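What follows is the content of target_3.txt, which has compact mmCIF, C-alpha atoms:
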```txt
# COMPACT_ATOMS: atom_id res chain seq x y z
CA MET A 1 -18.73 -177.70 40.86
CA LYS A 2 -22.48 -178.42 40.54
CA SER A 3 -24.04 -181.42 42.14
CA GLN A 4 -25.78 -183.92 39.92
CA ASN A 5 -28.94 -183.19 41.86
CA SER A 6 -28.69 -179.44 41.53
CA ASN A 7 -32.13 -179.14 39.98
CA THR A 8 -33.65 -180.90 42.96
CA ALA A 9 -33.77 -177.82 45.12
CA SER A 10 -36.30 -178.94 47.67
CA PRO A 11 -35.79 -181.32 50.57
CA GLY A 12 -37.29 -184.72 49.87
CA LYS A 13 -37.47 -184.27 46.09
CA GLN A 14 -34.83 -186.96 45.68
CA ASP A 15 -37.61 -189.40 46.61
CA ARG A 16 -39.19 -190.08 43.23
CA PHE A 17 -42.08 -191.99 41.71
CA SER A 18 -41.44 -194.95 39.46
CA SER A 19 -43.05 -194.62 36.03
CA ALA A 20 -46.04 -196.85 36.84
CA GLY A 21 -46.30 -195.51 40.39
CA PHE A 22 -46.54 -191.93 39.17
CA ILE A 23 -49.35 -192.70 36.71
CA LEU A 24 -51.31 -194.67 39.33
CA ALA A 25 -50.86 -191.89 41.90
CA ALA A 26 -52.03 -189.26 39.40
CA ILE A 27 -55.04 -191.40 38.46
CA GLY A 28 -55.73 -191.79 42.17
CA SER A 29 -55.86 -188.01 42.53
CA SER A 30 -58.46 -187.71 39.75
CA VAL A 31 -60.55 -190.67 40.91
CA GLY A 32 -62.69 -188.88 43.47
CA LEU A 33 -66.15 -188.86 44.98
CA GLY A 34 -67.61 -186.30 42.58
CA ASN A 35 -67.55 -188.64 39.57
CA MET A 36 -69.66 -191.18 41.43
CA TRP A 37 -72.60 -188.89 42.15
CA LYS A 38 -72.08 -185.86 39.90
CA PHE A 39 -70.92 -187.12 36.52
CA PRO A 40 -73.79 -189.59 35.89
CA TYR A 41 -76.35 -186.94 36.79
CA ILE A 42 -74.96 -184.12 34.63
CA THR A 43 -74.51 -186.59 31.77
CA GLY A 44 -78.11 -187.72 31.87
CA GLU A 45 -79.38 -184.16 32.30
CA ASN A 46 -77.44 -182.80 29.32
CA GLY A 47 -78.00 -185.32 26.60
CA GLY A 48 -76.57 -188.68 27.71
CA ALA A 49 -74.03 -189.97 25.20
CA ALA A 50 -74.07 -186.61 23.38
CA PHE A 51 -72.84 -184.92 26.56
CA PHE A 52 -70.33 -187.71 27.15
CA LEU A 53 -68.87 -187.04 23.70
CA LEU A 54 -68.73 -183.32 24.54
CA PHE A 55 -66.95 -184.18 27.79
CA ILE A 56 -64.35 -186.22 25.88
CA ILE A 57 -63.73 -183.29 23.50
CA CYS A 58 -63.26 -180.88 26.43
CA LEU A 59 -60.94 -183.38 28.09
CA ILE A 60 -58.75 -183.63 24.98
CA VAL A 61 -58.81 -180.00 23.86
CA ILE A 62 -58.39 -178.23 27.22
CA GLY A 63 -57.97 -180.77 30.03
CA LEU A 64 -55.00 -182.70 28.70
CA PRO A 65 -52.96 -179.65 27.58
CA LEU A 66 -53.40 -178.15 31.05
CA LEU A 67 -52.57 -181.45 32.70
CA LEU A 68 -49.35 -181.73 30.70
CA ALA A 69 -48.53 -178.11 31.49
CA GLU A 70 -48.91 -178.63 35.24
CA LEU A 71 -46.77 -181.78 35.20
CA ALA A 72 -44.11 -180.05 33.08
CA ILE A 73 -44.03 -176.97 35.32
CA GLY A 74 -43.72 -179.18 38.39
CA ARG A 75 -40.88 -181.23 36.95
CA ALA A 76 -39.04 -178.17 35.61
CA GLY A 77 -39.38 -176.32 38.92
CA ARG A 78 -38.74 -179.24 41.28
CA GLY A 79 -40.48 -177.33 44.06
CA SER A 80 -43.85 -177.06 45.74
CA ALA A 81 -47.00 -175.82 44.02
CA ALA A 82 -46.14 -172.31 45.24
CA THR A 83 -42.50 -172.25 44.13
CA SER A 84 -42.46 -174.30 40.91
CA PHE A 85 -43.70 -171.42 38.75
CA VAL A 86 -40.72 -169.24 39.66
CA LYS A 87 -38.22 -172.09 39.60
CA ALA A 88 -39.50 -173.05 36.15
CA GLY A 89 -38.62 -169.59 34.81
CA GLY A 90 -41.60 -167.41 35.70
CA PRO A 91 -41.55 -163.92 37.25
CA LYS A 92 -41.56 -163.60 41.04
CA VAL A 93 -45.23 -162.61 41.16
CA PHE A 94 -46.07 -166.22 40.33
CA GLY A 95 -44.58 -167.22 43.65
CA HIS A 96 -47.43 -165.35 45.35
CA LEU A 97 -50.04 -166.48 42.83
CA GLY A 98 -48.89 -170.07 43.18
CA LEU A 99 -49.59 -169.93 46.91
CA LEU A 100 -53.27 -170.03 46.00
CA GLN A 101 -52.71 -173.58 44.73
CA VAL A 102 -51.56 -174.52 48.23
CA ILE A 103 -54.33 -172.76 50.12
CA ALA A 104 -57.16 -174.13 47.96
CA PRO A 105 -56.29 -177.84 48.33
CA PHE A 106 -55.73 -177.40 52.06
CA LEU A 107 -59.22 -175.93 52.45
CA ILE A 108 -60.64 -178.72 50.30
CA LEU A 109 -58.89 -181.29 52.47
CA THR A 110 -60.59 -179.93 55.59
CA PHE A 111 -64.02 -181.01 54.34
CA TYR A 112 -62.97 -183.82 52.00
CA VAL A 113 -61.74 -186.00 54.87
CA ILE A 114 -65.15 -185.52 56.50
CA VAL A 115 -66.88 -187.18 53.55
CA ALA A 116 -64.12 -189.80 53.42
CA GLY A 117 -65.00 -190.59 57.02
CA TRP A 118 -68.65 -190.98 56.07
CA THR A 119 -67.73 -193.58 53.44
CA LEU A 120 -65.66 -195.55 55.95
CA HIS A 121 -68.52 -195.46 58.49
CA TYR A 122 -71.06 -196.64 55.91
CA ALA A 123 -68.77 -199.44 54.71
CA VAL A 124 -68.62 -200.79 58.26
CA LEU A 125 -72.40 -200.38 58.70
CA SER A 126 -73.13 -202.17 55.42
CA PHE A 127 -70.84 -205.15 55.92
CA SER A 128 -72.18 -205.63 59.46
CA GLY A 129 -75.77 -205.43 58.19
CA ASN A 130 -76.64 -202.71 60.70
CA LEU A 131 -77.27 -200.22 57.91
CA TYR A 132 -80.32 -202.20 56.81
CA ASN A 133 -81.93 -202.83 60.20
CA ASN A 134 -83.74 -199.51 59.91
CA THR A 135 -85.20 -198.62 56.52
CA ASP A 136 -85.41 -194.91 57.36
CA PHE A 137 -82.13 -194.19 55.57
CA ASN A 138 -82.73 -190.45 55.53
CA GLY A 139 -83.21 -190.50 59.29
CA GLN A 140 -80.09 -192.63 59.75
CA PHE A 141 -77.96 -190.22 57.73
CA THR A 142 -79.37 -187.17 59.50
CA THR A 143 -78.84 -188.71 62.94
CA PHE A 144 -75.28 -189.66 62.03
CA THR A 145 -74.22 -186.28 60.59
CA ASP A 146 -76.00 -184.42 63.41
CA GLY A 147 -73.86 -186.11 66.07
CA TYR A 148 -70.24 -186.36 67.10
CA MET A 149 -69.44 -189.65 65.36
CA PRO A 150 -68.42 -187.88 62.11
CA VAL A 151 -65.65 -186.17 64.09
CA ILE A 152 -64.25 -189.58 65.05
CA TRP A 153 -64.39 -190.81 61.46
CA GLN A 154 -62.84 -187.53 60.31
CA VAL A 155 -59.90 -188.28 62.59
CA VAL A 156 -59.68 -191.84 61.23
CA ALA A 157 -59.65 -190.58 57.62
CA ILE A 158 -56.94 -187.97 58.20
CA ALA A 159 -54.91 -190.46 60.24
CA ILE A 160 -54.88 -192.95 57.34
CA THR A 161 -54.09 -190.18 54.87
CA GLY A 162 -51.33 -188.72 57.02
CA TRP A 163 -49.79 -192.14 57.68
CA VAL A 164 -49.47 -192.76 53.93
CA VAL A 165 -48.03 -189.32 53.10
CA ALA A 166 -45.59 -189.46 56.04
CA LYS A 167 -44.03 -192.59 54.50
CA GLY A 168 -42.90 -190.58 51.51
CA ILE A 169 -43.37 -190.77 47.76
CA SER A 170 -42.06 -194.19 46.78
CA GLY A 171 -42.59 -195.84 50.17
CA GLY A 172 -45.98 -194.31 50.94
CA ILE A 173 -48.03 -192.66 48.18
CA GLU A 174 -46.81 -194.95 45.39
CA LYS A 175 -47.26 -198.19 47.34
CA PHE A 176 -50.67 -197.06 48.58
CA ASN A 177 -51.92 -196.39 45.05
CA LYS A 178 -50.35 -199.57 43.65
CA VAL A 179 -52.56 -201.53 46.03
CA LEU A 180 -55.73 -199.44 46.01
CA ILE A 181 -56.08 -198.45 42.34
CA PRO A 182 -56.11 -202.10 41.08
CA SER A 183 -58.52 -202.89 43.94
CA LEU A 184 -60.71 -200.01 42.83
CA ILE A 185 -60.73 -201.33 39.26
CA VAL A 186 -61.86 -204.77 40.44
CA LEU A 187 -64.62 -203.25 42.57
CA LEU A 188 -65.77 -201.06 39.69
CA ILE A 189 -66.09 -204.08 37.40
CA VAL A 190 -67.89 -206.22 40.01
CA LEU A 191 -70.37 -203.46 40.86
CA MET A 192 -70.92 -202.60 37.19
CA ILE A 193 -71.76 -206.24 36.39
CA ARG A 194 -74.15 -206.34 39.35
CA ALA A 195 -75.80 -203.07 38.29
CA VAL A 196 -76.34 -203.85 34.59
CA THR A 197 -77.83 -207.27 35.43
CA LEU A 198 -80.51 -205.87 37.77
CA PRO A 199 -84.15 -206.05 36.61
CA GLY A 200 -84.95 -202.91 34.64
CA ALA A 201 -81.30 -201.88 34.39
CA GLY A 202 -81.56 -201.50 30.63
CA GLU A 203 -83.63 -198.36 31.04
CA GLY A 204 -80.83 -196.76 33.09
CA VAL A 205 -78.17 -197.77 30.59
CA SER A 206 -80.28 -196.33 27.78
CA PHE A 207 -80.80 -193.08 29.70
CA PHE A 208 -77.04 -192.78 30.22
CA LEU A 209 -75.79 -193.76 26.77
CA ASN A 210 -78.45 -192.77 24.23
CA PRO A 211 -77.45 -189.45 22.68
CA ASP A 212 -79.95 -186.61 22.81
CA PHE A 213 -78.34 -183.78 20.87
CA SER A 214 -81.35 -181.53 21.49
CA LYS A 215 -80.21 -181.13 25.10
CA LEU A 216 -76.79 -179.81 24.13
CA SER A 217 -76.48 -176.08 24.80
CA PRO A 218 -73.88 -173.44 25.72
CA GLU A 219 -74.53 -174.30 29.35
CA ALA A 220 -73.95 -178.01 28.67
CA ALA A 221 -70.62 -177.10 27.04
CA LEU A 222 -69.52 -175.13 30.11
CA VAL A 223 -70.69 -177.93 32.43
CA ALA A 224 -68.68 -180.45 30.38
CA LEU A 225 -65.63 -178.20 30.39
CA GLY A 226 -65.91 -177.55 34.11
CA HIS A 227 -66.20 -181.23 34.90
CA ALA A 228 -63.28 -182.11 32.62
CA PHE A 229 -61.27 -179.44 34.43
CA PHE A 230 -62.14 -180.52 37.97
CA SER A 231 -62.14 -184.29 37.41
CA LEU A 232 -58.48 -184.11 36.37
CA SER A 233 -57.59 -182.22 39.60
CA LEU A 234 -56.44 -179.18 37.62
CA GLY A 235 -55.81 -175.87 39.34
CA MET A 236 -55.29 -177.31 42.81
CA GLY A 237 -51.53 -177.88 42.90
CA ILE A 238 -51.61 -181.70 42.91
CA LEU A 239 -50.12 -182.25 39.47
CA LEU A 240 -47.63 -179.42 40.00
CA THR A 241 -46.52 -181.15 43.19
CA TYR A 242 -46.48 -184.65 41.73
CA GLY A 243 -44.55 -183.35 38.72
CA ALA A 244 -41.66 -182.44 41.03
CA TYR A 245 -41.26 -186.13 41.89
CA VAL A 246 -41.22 -187.37 38.28
CA ASP A 247 -38.00 -188.70 36.82
CA LYS A 248 -36.57 -186.89 33.77
CA ARG A 249 -36.85 -190.13 31.78
CA GLN A 250 -40.62 -190.29 32.28
CA SER A 251 -42.60 -189.33 29.16
CA LEU A 252 -45.03 -186.68 30.36
CA GLY A 253 -47.01 -186.93 27.13
CA GLN A 254 -47.67 -190.65 27.61
CA ALA A 255 -48.43 -190.10 31.28
CA THR A 256 -50.92 -187.35 30.39
CA ILE A 257 -52.80 -189.65 28.01
CA ALA A 258 -52.82 -192.49 30.56
CA ILE A 259 -54.16 -190.22 33.32
CA GLY A 260 -56.84 -188.79 31.05
CA ALA A 261 -57.90 -192.27 29.95
CA GLY A 262 -58.07 -193.46 33.56
CA ASP A 263 -60.26 -190.53 34.54
CA LEU A 264 -62.54 -191.09 31.54
CA ILE A 265 -62.94 -194.83 32.15
CA TYR A 266 -63.73 -194.28 35.84
CA ALA A 267 -66.42 -191.71 35.00
CA PHE A 268 -67.92 -194.01 32.37
CA ILE A 269 -68.09 -197.05 34.65
CA ALA A 270 -69.50 -194.90 37.46
CA GLY A 271 -72.37 -194.09 35.13
CA LEU A 272 -72.90 -197.78 34.41
CA ILE A 273 -73.17 -198.39 38.16
CA ILE A 274 -75.38 -195.48 39.19
CA PHE A 275 -77.89 -195.28 36.33
CA PRO A 276 -78.85 -198.98 36.10
CA THR A 277 -79.18 -199.15 39.89
CA THR A 278 -81.32 -196.03 40.16
CA ALA A 279 -83.50 -197.13 37.22
CA SER A 280 -83.99 -200.60 38.66
CA PHE A 281 -85.25 -199.27 41.99
CA GLY A 282 -87.04 -196.13 40.81
CA ILE A 283 -84.53 -193.69 42.35
CA GLN A 284 -83.89 -190.21 40.98
CA PRO A 285 -80.18 -190.00 40.03
CA ASP A 286 -79.94 -186.26 40.70
CA ALA A 287 -79.74 -186.28 44.49
CA GLY A 288 -76.00 -185.58 44.79
CA PRO A 289 -74.36 -186.84 47.99
CA SER A 290 -77.74 -187.92 49.41
CA LEU A 291 -77.99 -190.34 46.46
CA VAL A 292 -75.04 -192.23 47.88
CA PHE A 293 -75.89 -192.15 51.57
CA ILE A 294 -79.70 -192.28 51.47
CA ALA A 295 -81.10 -193.51 48.15
CA LEU A 296 -78.61 -196.23 47.23
CA PRO A 297 -78.69 -197.94 50.66
CA ALA A 298 -82.43 -198.37 50.04
CA ALA A 299 -81.57 -200.07 46.75
CA PHE A 300 -78.97 -202.34 48.35
CA SER A 301 -81.43 -203.36 51.07
CA ALA A 302 -83.82 -204.61 48.39
CA MET A 303 -81.35 -206.64 46.29
CA PRO A 304 -79.98 -210.13 46.97
CA LEU A 305 -76.70 -209.99 48.93
CA GLY A 306 -77.35 -206.26 49.34
CA ALA A 307 -75.20 -205.94 52.47
CA LEU A 308 -72.24 -207.38 50.55
CA PHE A 309 -72.68 -205.21 47.45
CA GLY A 310 -73.45 -202.18 49.59
CA GLY A 311 -70.29 -202.75 51.57
CA LEU A 312 -68.24 -203.13 48.38
CA PHE A 313 -69.76 -199.92 47.03
CA PHE A 314 -68.80 -197.92 50.11
CA VAL A 315 -65.32 -199.47 50.11
CA LEU A 316 -65.08 -198.28 46.50
CA LEU A 317 -66.05 -194.78 47.59
CA ALA A 318 -63.60 -194.91 50.51
CA ILE A 319 -60.77 -195.88 48.15
CA ALA A 320 -61.67 -193.04 45.79
CA ALA A 321 -61.82 -190.61 48.71
CA LEU A 322 -58.57 -191.69 50.35
CA THR A 323 -56.46 -191.79 47.17
CA SER A 324 -57.63 -188.24 46.44
CA ALA A 325 -57.08 -187.13 50.04
CA VAL A 326 -53.51 -188.46 49.94
CA SER A 327 -52.72 -186.40 46.83
CA ILE A 328 -54.36 -183.31 48.33
CA LEU A 329 -52.41 -183.61 51.60
CA GLU A 330 -49.12 -183.88 49.71
CA VAL A 331 -49.60 -180.34 48.31
CA PRO A 332 -49.38 -178.38 51.61
CA THR A 333 -46.90 -180.93 52.97
CA SER A 334 -44.55 -180.26 50.06
CA TYR A 335 -44.96 -176.52 50.59
CA ILE A 336 -44.10 -176.74 54.30
CA MET A 337 -41.03 -178.84 53.51
CA ASP A 338 -40.01 -176.32 50.86
CA ARG A 339 -40.75 -173.20 52.85
CA TRP A 340 -39.50 -174.07 56.33
CA HIS A 341 -37.29 -177.10 55.55
CA TRP A 342 -39.16 -179.29 58.01
CA GLY A 343 -38.96 -183.05 57.80
CA ARG A 344 -41.79 -184.92 56.12
CA THR A 345 -43.24 -186.46 59.29
CA LYS A 346 -43.31 -183.16 61.16
CA SER A 347 -44.88 -181.40 58.16
CA VAL A 348 -47.57 -184.07 57.79
CA MET A 349 -48.42 -183.98 61.50
CA PHE A 350 -48.69 -180.18 61.46
CA ILE A 351 -50.97 -180.09 58.39
CA SER A 352 -53.07 -183.02 59.68
CA VAL A 353 -53.77 -181.35 63.02
CA LEU A 354 -54.48 -178.04 61.29
CA THR A 355 -56.85 -179.85 58.91
CA LEU A 356 -58.84 -181.24 61.83
CA LEU A 357 -59.05 -177.87 63.58
CA VAL A 358 -60.04 -175.90 60.49
CA GLY A 359 -62.46 -178.67 59.51
CA LEU A 360 -64.38 -178.61 62.81
CA PRO A 361 -66.86 -175.92 61.71
CA SER A 362 -67.64 -177.99 58.61
CA VAL A 363 -68.16 -181.29 60.42
CA LEU A 364 -70.34 -179.56 63.02
CA SER A 365 -72.45 -177.64 60.48
CA PHE A 366 -75.07 -180.34 59.89
CA GLY A 367 -77.27 -179.35 62.81
CA ILE A 368 -75.20 -179.91 65.91
CA VAL A 369 -74.18 -176.22 65.92
CA PRO A 370 -77.23 -174.28 64.62
CA GLY A 371 -75.31 -171.13 63.70
CA LEU A 372 -73.20 -173.11 61.21
CA GLU A 373 -76.12 -174.90 59.57
CA ASP A 374 -77.58 -171.88 57.78
CA ILE A 375 -75.29 -169.01 56.78
CA GLY A 376 -76.98 -167.08 54.03
CA GLY A 377 -78.79 -170.16 52.79
CA LYS A 378 -75.83 -172.54 52.91
CA SER A 379 -74.13 -174.47 55.68
CA PHE A 380 -70.50 -173.72 56.54
CA PHE A 381 -69.59 -177.01 54.81
CA ASP A 382 -71.43 -176.00 51.62
CA TRP A 383 -69.94 -172.50 51.57
CA LEU A 384 -66.41 -173.89 51.84
CA ASP A 385 -67.15 -176.36 49.05
CA PHE A 386 -68.62 -173.59 46.87
CA ILE A 387 -65.75 -171.14 47.40
CA THR A 388 -62.98 -173.66 46.77
CA SER A 389 -64.57 -175.57 43.87
CA ASN A 390 -66.22 -172.67 42.05
CA ILE A 391 -63.83 -169.80 42.71
CA LEU A 392 -60.36 -170.81 43.94
CA LEU A 393 -59.82 -173.78 41.61
CA PRO A 394 -60.78 -171.94 38.38
CA ILE A 395 -58.53 -169.06 39.43
CA GLY A 396 -55.74 -171.55 40.06
CA GLY A 397 -56.31 -173.01 36.62
CA LEU A 398 -56.23 -169.54 35.08
CA ILE A 399 -52.85 -168.90 36.71
CA THR A 400 -51.54 -172.12 35.18
CA THR A 401 -52.85 -171.29 31.70
CA ILE A 402 -51.30 -167.80 31.75
CA PHE A 403 -47.95 -169.14 32.94
CA ALA A 404 -47.97 -172.03 30.49
CA GLY A 405 -48.96 -169.78 27.60
CA TYR A 406 -46.32 -167.12 28.12
CA PHE A 407 -43.53 -168.28 30.45
CA TRP A 408 -43.18 -172.05 30.20
CA LYS A 409 -40.18 -172.50 27.86
CA LYS A 410 -38.18 -174.34 30.53
CA ALA A 411 -41.21 -176.44 31.42
CA ALA A 412 -41.81 -177.30 27.76
CA ASP A 413 -38.19 -178.44 27.43
CA SER A 414 -38.73 -180.59 30.53
CA ALA A 415 -41.84 -182.11 28.94
CA GLY A 416 -39.82 -183.01 25.85
CA LEU A 417 -42.24 -181.26 23.50
CA LYS A 418 -41.12 -181.05 19.90
CA ALA A 419 -41.45 -177.77 18.00
CA GLY A 420 -44.61 -178.75 16.09
CA TRP A 421 -46.52 -180.02 19.09
CA PHE A 422 -45.24 -177.11 21.16
CA ARG A 423 -46.76 -174.56 18.80
CA ILE A 424 -50.15 -176.31 18.83
CA TRP A 425 -50.29 -176.71 22.60
CA LEU A 426 -48.92 -173.20 23.14
CA PHE A 427 -51.72 -171.77 20.99
CA MET A 428 -54.33 -173.64 23.05
CA LEU A 429 -52.82 -172.58 26.35
CA ARG A 430 -52.19 -168.96 25.35
CA TYR A 431 -55.38 -168.05 23.50
CA VAL A 432 -58.09 -170.67 24.07
CA ALA A 433 -57.73 -172.09 27.58
CA PRO A 434 -57.73 -168.76 29.51
CA VAL A 435 -60.97 -167.64 27.85
CA LEU A 436 -62.68 -170.95 28.54
CA VAL A 437 -61.47 -171.10 32.15
CA VAL A 438 -62.83 -167.59 32.75
CA LEU A 439 -66.18 -168.66 31.27
CA VAL A 440 -66.25 -171.67 33.61
CA LEU A 441 -65.49 -169.38 36.55
CA LEU A 442 -68.29 -166.99 35.59
CA HIS A 443 -70.70 -169.90 35.09
CA THR A 444 -69.95 -171.73 38.33
CA THR A 445 -70.31 -168.51 40.34
CA GLY A 446 -73.63 -167.69 38.68
CA VAL A 447 -72.49 -164.59 36.78
CA ILE A 448 -73.37 -166.27 33.48
CA LYS A 449 -76.79 -167.91 33.47
CA PHE A 450 -78.78 -169.67 30.78
CA GLU A 451 -82.54 -169.90 30.63
```

Now, as a test, write the supplied structure out as structure tokens.
Amino acid sequence: MKSQNSNTASPGKQDRFSSAGFILAAIGSSVGLGNMWKFPYITGENGGAAFFLLFIICLIVIGLPLLLAELAIGRAGRGSAATSFVKAGGPKVFGHLGLLQVIAPFLILTFYVIVAGWTLHYAVLSFSGNLYNNTDFNGQFTTFTDGYMPVIWQVVAIAITGWVVAKGISGGIEKFNKVLIPSLIVLLIVLMIRAVTLPGAGEGVSFFLNPDFSKLSPEAALVALGHAFFSLSLGMGILLTYGAYVDKRQSLGQATIAIGAGDLIYAFIAGLIIFPTTASFGIQPDAGPSLVFIALPAAFSAMPLGALFGGLFFVLLAIAALTSAVSILEVPTSYIMDRWHWGRTKSVMFISVLTLLVGLPSVLSFGIVPGLEDIGGKSFFDWLDFITSNILLPIGGLITTIFAGYFWKKAADSAGLKAGWFRIWLFMLRYVAPVLVVLVLLHTTGVIKFE
């Protein structure tokens, strides 16, 4: 006689998300640091509102079908990112291919918690006012990253992340996101209001939102597609893993739309924070991470109540970093629980310690260990970021598109797709998505270049 929980093959999968908790957790995984310093810049560089419209199209046409596919595969398989493909009806080779979607997020976690630690450190510095005692913000950042303090903050970040994941799905990840995601929304609104009311902010808003269709190009299309892909956390096992904890009564279609909308709104508001602020203080918005840790502190130091707004900004970044880190840590944790049948706490402790050890070369590659600072023109940190973001994640996404296009009948049934919608989404996933994902992979690795 079969148990009622027979499809819950993995230890711990009986611990499920509530409907709202699942959507908030999935939004938390997509709300990351990249949207705060990358999305505004690539939007302004590629046509402002015209690029934003292109991004929305890519999100709807490719991003959301893949998102739904990953959630459906995860729920149908009820396993880890490595095992769900086979458990959802795929051939055994997908068990090996799926392992890539465990390795990639683990490697990302090793350097992601480093940056999360930076945001926590800067939040403390800003609220205390110490950040603004010395106006050499470039020197401050260099001195900080070139010392041992980032190691301490790295430990703090992984400790917070591990503590949340060790508490489980409903008692840890869901509760964490139910508190932090609403807090993040409040902070976004407060900082947006402050930004758009700064002197000269209108120029930044205009730069961000005025469409310039002359700047649209094949490269802009691939940039938009790549950002839609990565901002939804596709190809890195998170949604496959979260899908295993989703109740059968949850509408995956509605959840997909809600997650996509949350990601889109966050990216939009991030633009309305960054561009008005940079325009008001004459800052170039294309500085990447240094924009956040060097240029913007200079802006906060010059505005009324700058220590307060600076502190709120870095708390916002810390929330974005930690909610993403929690979702990333759950991927290898779920795999360990699946593979070796360890308890959750033991699995989290093992992965957390391993994350710190593997992450040491990255955290020490900003000058403190000269051999790690320049390896073929990139630091160890930058190489790891490049390999995971530009190679492993697109390959992971390609694996998902191939599986979803040809083997996902059980997953489609789990998603509750009707015949008409199934044919449309199947066409996209079988014939369109793989080609576009390969183009993104070739573009991000520099194989395809545009003059």

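Note that atom CA of A:Leu239 and atom CA of A:Gly260 are 12.6 Å apart.
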
Next item on the list: Determine, counting all atoms listed in the file, which protein, DNA and RNA residues have an atom within 12 Å of an atom of A:Leu305; residues of the same chain fewer than 6 positions away are not included. Present the result as a ChimeraX atom specification.
Entry: /A:126-127,129,132,194,299,311-312

Any chance you could tabulate, as CSV, the residues of stretch 321-419 of chain A at most 8 Å from stretch 170-180 of chain A with each one's nearest atom pair and distance in Å to one decimal, using all atoms listed in the file, in chain and rising number order?
```
residue,atom,partner,partner_atom,distance
A:Thr323,CA,A:Asn177,CA,6.8
A:Val326,CA,A:Ile173,CA,7.1
A:Ser327,CA,A:Ile173,CA,7.9
```

Next item on the list: Extract, using only C-alpha atoms, all DNA, RNA and protein residues at most 10 Å from stretch 360-362 of chain A, discarding same-chain residues fewer than 2 positions from it, and format them as number ranges by chain.
Entry: A: 110-112, 114, 151, 154, 355-358, 364-366, 369, 371-373, 379-385

Next item on the list: Find the residues near A:Phe403: any atom within 12 Å, counting all atoms listed in the file, skip ones fewer than 5 places away on the same chain, and give them as a PyMOL selection string.
Entry: chain A and resi 66+69-70+72-73+84-86+88-95+97-98+396-398+408-412+426+429-430+433-434
